[in-house]
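Enquirer: Encoded as structure tokens, here's the structure I'll be asking about.
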Amino acid sequence: MSQEQWSAVDSYITEELIPADPALDAALAAIVAAGLPPIGVSPTQGRLLHVLAQLVGARRILELGTLGGYSTICMARALPPDGKLITLEADAQHAKVARGNFARAGVEGVVDLRLGKALDTLPKLAAEGQKPFDFVFIDADKENIPEYFTWSLKLSRPGTAIVVDNVVRKGELANASSADPDVLGVRRLHEMLRGEKRVTAVTMQTVGCKGYDGFTLARVNS
């Protein structure tokens, strides 16, 4: 199979199962216009996040890595009216674009964007005494994923679902000789999960318009 075929199937799935959405279309247009890197989730991935958040009955969501806010909007729409989503973004320009997208999508009332490096912001969330999150999406720099996952556990409860994106790295996850910091980060995550009794986890390989990659899905047990 080829990238062309993967993209064609993604297009078919999007046309059949994901209705046209002016707010999400506008968010994508704003992201492109601002010159943000094309690394956000695809429409099918955004819908998956939405469905997963609904499946766990999420009332509180934590996102690491906002970018332009496309994934944030998808998850925020899965929340009940009194729900809350806290999203962490290190880049001020990304945050500016995201805030505009939240306003256009009408989710600014449930989204709290925290600007700053996640490893600086996460301890602050813990110090604030935040209630546990029901759903966590980690889509930030891969080098620090193990640390992000550790903090996510501290901010979770039994039953919390944690999704870590972009962990297969075009198959480099299996390359024990890689010196790429991103690959080393996702390999360290898997080494950590192997002995982590507090979660049940699985990694799934994926293909689509974003190419060949995959994600880790973990459920907090205790």
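Going through the structure tokens in order, the chains are called A, B, and so on, while each chain numbers its residues from 1 and the ligands are numbered from 1 in the order shown.
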Report as JSON lines the residues of range 21-41 of chain A within 7 Å of range 93-116 of chain A, each with its shortest atom pair and distance in Å (one decimal), using only C-alpha atoms, ordered by chain and increasing residue number.
Expert:
{"residue": "A:Ala23", "atom": "CA", "partner": "A:Ala105", "partner_atom": "CA", "distance": 5.1}
{"residue": "A:Ala27", "atom": "CA", "partner": "A:Asn101", "partner_atom": "CA", "distance": 5.3}
{"residue": "A:Ala30", "atom": "CA", "partner": "A:Val97", "partner_atom": "CA", "distance": 7.0}
{"residue": "A:Ile31", "atom": "CA", "partner": "A:Val97", "partner_atom": "CA", "distance": 6.8}
Enquirer: What residues in range 113-164 of chain A get the DSSP label strand (DSSP E)? Please answer as a PyMOL selection string.
Expert: chain A and resi 113-115+133-138+156-164
Enquirer: Kindly save the residues from that selection, with C-alpha atoms included, as a PDB file, in the first residue's frame.
Expert:
ATOM      1  CA  LEU A 113      -4.915  27.573  27.793  1.00  0.00           C
ATOM      2  CA  ARG A 114      -1.761  27.746  29.907  1.00  0.00           C
ATOM      3  CA  LEU A 115       1.249  29.294  28.144  1.00  0.00           C
ATOM      4  CA  PHE A 133      -8.390  14.555  34.924  1.00  0.00           C
ATOM      5  CA  ASP A 134     -10.528  11.918  33.221  1.00  0.00           C
ATOM      6  CA  PHE A 135      -8.765  12.070  29.854  1.00  0.00           C
ATOM      7  CA  VAL A 136      -5.244  13.154  28.915  1.00  0.00           C
ATOM      8  CA  PHE A 137      -3.867  13.740  25.420  1.00  0.00           C
ATOM      9  CA  ILE A 138      -0.085  14.054  25.102  1.00  0.00           C
ATOM     10  CA  SER A 156      -5.188  11.218  36.988  1.00  0.00           C
ATOM     11  CA  ARG A 157      -7.558   8.839  38.785  1.00  0.00           C
ATOM     12  CA  PRO A 158      -8.422   5.159  38.381  1.00  0.00           C
ATOM     13  CA  GLY A 159     -10.185   4.907  35.006  1.00  0.00           C
ATOM     14  CA  THR A 160      -8.448   7.887  33.408  1.00  0.00           C
ATOM     15  CA  ALA A 161      -7.502   7.331  29.756  1.00  0.00           C
ATOM     16  CA  ILE A 162      -4.153   8.660  28.532  1.00  0.00           C
ATOM     17  CA  VAL A 163      -3.392   8.928  24.803  1.00  0.00           C
ATOM     18  CA  VAL A 164       0.170   9.587  23.618  1.00  0.00           C
TER      19      VAL A 164
END
Enquirer: Could you give me the residues within range 25-149 of chain A that DSSP places in alpha helix (DSSP H), as a PyMOL selection string?
Expert: chain A and resi 25-33+43-55+70-76+92-105+118-127+145-149
Enquirer: Take the residues from that selection and put them in a file with C-alpha atoms, as an mmCIF file, in the first residue's frame.
Expert:
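Dumped to again-v8.cif:
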data_model
loop_
_atom_site.group_PDB
_atom_site.id
_atom_site.type_symbol
_atom_site.label_atom_id
_atom_site.label_comp_id
_atom_site.auth_asym_id
_atom_site.auth_seq_id
_atom_site.Cartn_x
_atom_site.Cartn_y
_atom_site.Cartn_z
ATOM 1 C CA ASP A 25 -12.373 24.223 8.692
ATOM 2 C CA ALA A 26 -11.760 27.791 9.867
ATOM 3 C CA ALA A 27 -9.331 26.527 12.502
ATOM 4 C CA LEU A 28 -7.329 24.651 9.876
ATOM 5 C CA ALA A 29 -7.314 27.718 7.610
ATOM 6 C CA ALA A 30 -6.069 29.915 10.451
ATOM 7 C CA ILE A 31 -3.326 27.414 11.275
ATOM 8 C CA VAL A 32 -2.120 27.404 7.661
ATOM 9 C CA ALA A 33 -2.372 31.194 7.332
ATOM 10 C CA PRO A 43 -9.979 15.028 11.003
ATOM 11 C CA THR A 44 -10.216 11.278 11.636
ATOM 12 C CA GLN A 45 -7.754 11.508 14.525
ATOM 13 C CA GLY A 46 -9.683 14.445 15.943
ATOM 14 C CA ARG A 47 -12.897 12.443 15.776
ATOM 15 C CA LEU A 48 -11.160 9.531 17.521
ATOM 16 C CA LEU A 49 -10.154 11.811 20.399
ATOM 17 C CA HIS A 50 -13.730 13.090 20.601
ATOM 18 C CA VAL A 51 -15.156 9.572 20.757
ATOM 19 C CA LEU A 52 -12.599 8.356 23.301
ATOM 20 C CA ALA A 53 -13.352 11.321 25.566
ATOM 21 C CA GLN A 54 -17.048 10.510 25.318
ATOM 22 C CA LEU A 55 -16.440 6.814 26.025
ATOM 23 C CA TYR A 70 -7.775 21.769 16.346
ATOM 24 C CA SER A 71 -7.512 18.747 18.635
ATOM 25 C CA THR A 72 -8.535 20.910 21.587
ATOM 26 C CA ILE A 73 -11.799 21.842 19.890
ATOM 27 C CA CYS A 74 -12.526 18.200 19.040
ATOM 28 C CA MET A 75 -12.103 17.146 22.666
ATOM 29 C CA ALA A 76 -13.812 20.206 24.177
ATOM 30 C CA ALA A 92 3.149 32.167 22.208
ATOM 31 C CA GLN A 93 2.286 32.381 18.497
ATOM 32 C CA HIS A 94 0.653 28.963 18.563
ATOM 33 C CA ALA A 95 -1.324 30.008 21.630
ATOM 34 C CA LYS A 96 -2.522 33.197 19.921
ATOM 35 C CA VAL A 97 -3.815 31.261 16.908
ATOM 36 C CA ALA A 98 -5.432 28.661 19.152
ATOM 37 C CA ARG A 99 -7.275 31.252 21.228
ATOM 38 C CA GLY A 100 -8.752 32.742 18.067
ATOM 39 C CA ASN A 101 -9.853 29.294 16.948
ATOM 40 C CA PHE A 102 -11.458 28.591 20.343
ATOM 41 C CA ALA A 103 -13.451 31.816 20.123
ATOM 42 C CA ARG A 104 -14.704 31.029 16.608
ATOM 43 C CA ALA A 105 -15.647 27.494 17.652
ATOM 44 C CA ALA A 118 4.758 21.787 30.049
ATOM 45 C CA LEU A 119 7.414 20.621 32.508
ATOM 46 C CA ASP A 120 7.090 24.016 34.220
ATOM 47 C CA THR A 121 3.285 24.142 34.071
ATOM 48 C CA LEU A 122 2.502 20.575 35.192
ATOM 49 C CA PRO A 123 3.947 21.030 38.707
ATOM 50 C CA LYS A 124 1.911 24.223 39.007
ATOM 51 C CA LEU A 125 -1.267 22.327 38.152
ATOM 52 C CA ALA A 126 -0.460 19.816 40.871
ATOM 53 C CA ALA A 127 0.265 22.622 43.352
ATOM 54 C CA ILE A 145 7.186 12.081 26.813
ATOM 55 C CA PRO A 146 8.191 9.849 29.747
ATOM 56 C CA GLU A 147 8.183 12.871 32.072
ATOM 57 C CA TYR A 148 4.854 14.049 30.641
ATOM 58 C CA PHE A 149 3.383 10.613 31.204
#
Enquirer: Counting only C-alpha atoms, which of A:Ala140, A:Ser7, A:Leu155, A:Arg59 gets nearest to Glu128 in chain A?
Expert: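 Among the listed residues, the smallest separation from Glu128 in chain A belongs to A:Leu155.
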Enquirer: Determine the nearest neighbour of Arg219 in chain A from the options A:Asn144, A:Ser152, A:Asn166, A:Asn175, counting only C-alpha atoms.
Expert: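 Result for the nearest residue to Arg219 in chain A: A:Ser152.
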Enquirer: Which distance in Å separates CA of Ser177 in chain A and CA of Glu143 in chain A, to one decimal?
Expert: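 Computed distance, CA of Ser177 in chain A to CA of Glu143 in chain A, equals 15.8 Å.
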Enquirer: So that I can check the surroundings of range 195-205 of chain A, please list as a PyMOL selection string every protein, DNA and RNA residue that reaches within 8 Å of it, counting only C-alpha atoms and ignoring chain neighbours fewer than 3 positions away.
Expert: chain A and resi 168+191-192+212-222
Enquirer: Restricting it to N, CA and C atoms, dump the selection as an mmCIF file, in the first residue's frame.
Expert:
data_model
loop_
_atom_site.group_PDB
_atom_site.id
_atom_site.type_symbol
_atom_site.label_atom_id
_atom_site.label_comp_id
_atom_site.auth_asym_id
_atom_site.auth_seq_id
_atom_site.Cartn_x
_atom_site.Cartn_y
_atom_site.Cartn_z
ATOM 1 N N VAL A 168 5.192 5.867 17.067
ATOM 2 C CA VAL A 168 5.817 4.838 16.235
ATOM 3 C C VAL A 168 6.946 5.413 15.390
ATOM 4 N N GLU A 191 9.632 1.436 27.668
ATOM 5 C CA GLU A 191 10.388 0.758 28.712
ATOM 6 C C GLU A 191 9.769 1.023 30.079
ATOM 7 N N MET A 192 9.297 2.247 30.278
ATOM 8 C CA MET A 192 8.647 2.603 31.533
ATOM 9 C C MET A 192 7.314 1.866 31.689
ATOM 10 N N TYR A 212 2.669 7.026 8.191
ATOM 11 C CA TYR A 212 2.768 5.858 9.054
ATOM 12 C C TYR A 212 3.237 6.283 10.439
ATOM 13 N N ASP A 213 2.427 6.005 11.454
ATOM 14 C CA ASP A 213 2.806 6.351 12.820
ATOM 15 C C ASP A 213 2.006 5.476 13.781
ATOM 16 N N GLY A 214 1.580 6.022 14.895
ATOM 17 C CA GLY A 214 0.816 5.251 15.862
ATOM 18 C C GLY A 214 0.671 6.009 17.162
ATOM 19 N N PHE A 215 -0.122 5.434 18.076
ATOM 20 C CA PHE A 215 -0.360 6.085 19.363
ATOM 21 C C PHE A 215 -0.398 5.036 20.467
ATOM 22 N N THR A 216 -0.124 5.473 21.673
ATOM 23 C CA THR A 216 -0.237 4.630 22.858
ATOM 24 C C THR A 216 -1.490 5.020 23.614
ATOM 25 N N LEU A 217 -2.275 4.024 24.010
ATOM 26 C CA LEU A 217 -3.478 4.236 24.802
ATOM 27 C C LEU A 217 -3.290 3.512 26.125
ATOM 28 N N ALA A 218 -3.443 4.238 27.219
ATOM 29 C CA ALA A 218 -3.267 3.646 28.544
ATOM 30 C C ALA A 218 -4.476 3.955 29.420
ATOM 31 N N ARG A 219 -4.866 2.982 30.234
ATOM 32 C CA ARG A 219 -5.917 3.181 31.242
ATOM 33 C C ARG A 219 -5.290 3.095 32.614
ATOM 34 N N VAL A 220 -5.559 4.093 33.436
ATOM 35 C CA VAL A 220 -5.023 4.100 34.789
ATOM 36 C C VAL A 220 -5.825 3.119 35.635
ATOM 37 N N ASN A 221 -5.126 2.170 36.261
ATOM 38 C CA ASN A 221 -5.792 1.157 37.082
ATOM 39 C C ASN A 221 -5.899 1.575 38.530
ATOM 40 N N SER A 222 -4.837 2.180 39.051
ATOM 41 C CA SER A 222 -4.848 2.570 40.461
ATOM 42 C C SER A 222 -3.809 3.666 40.702
#
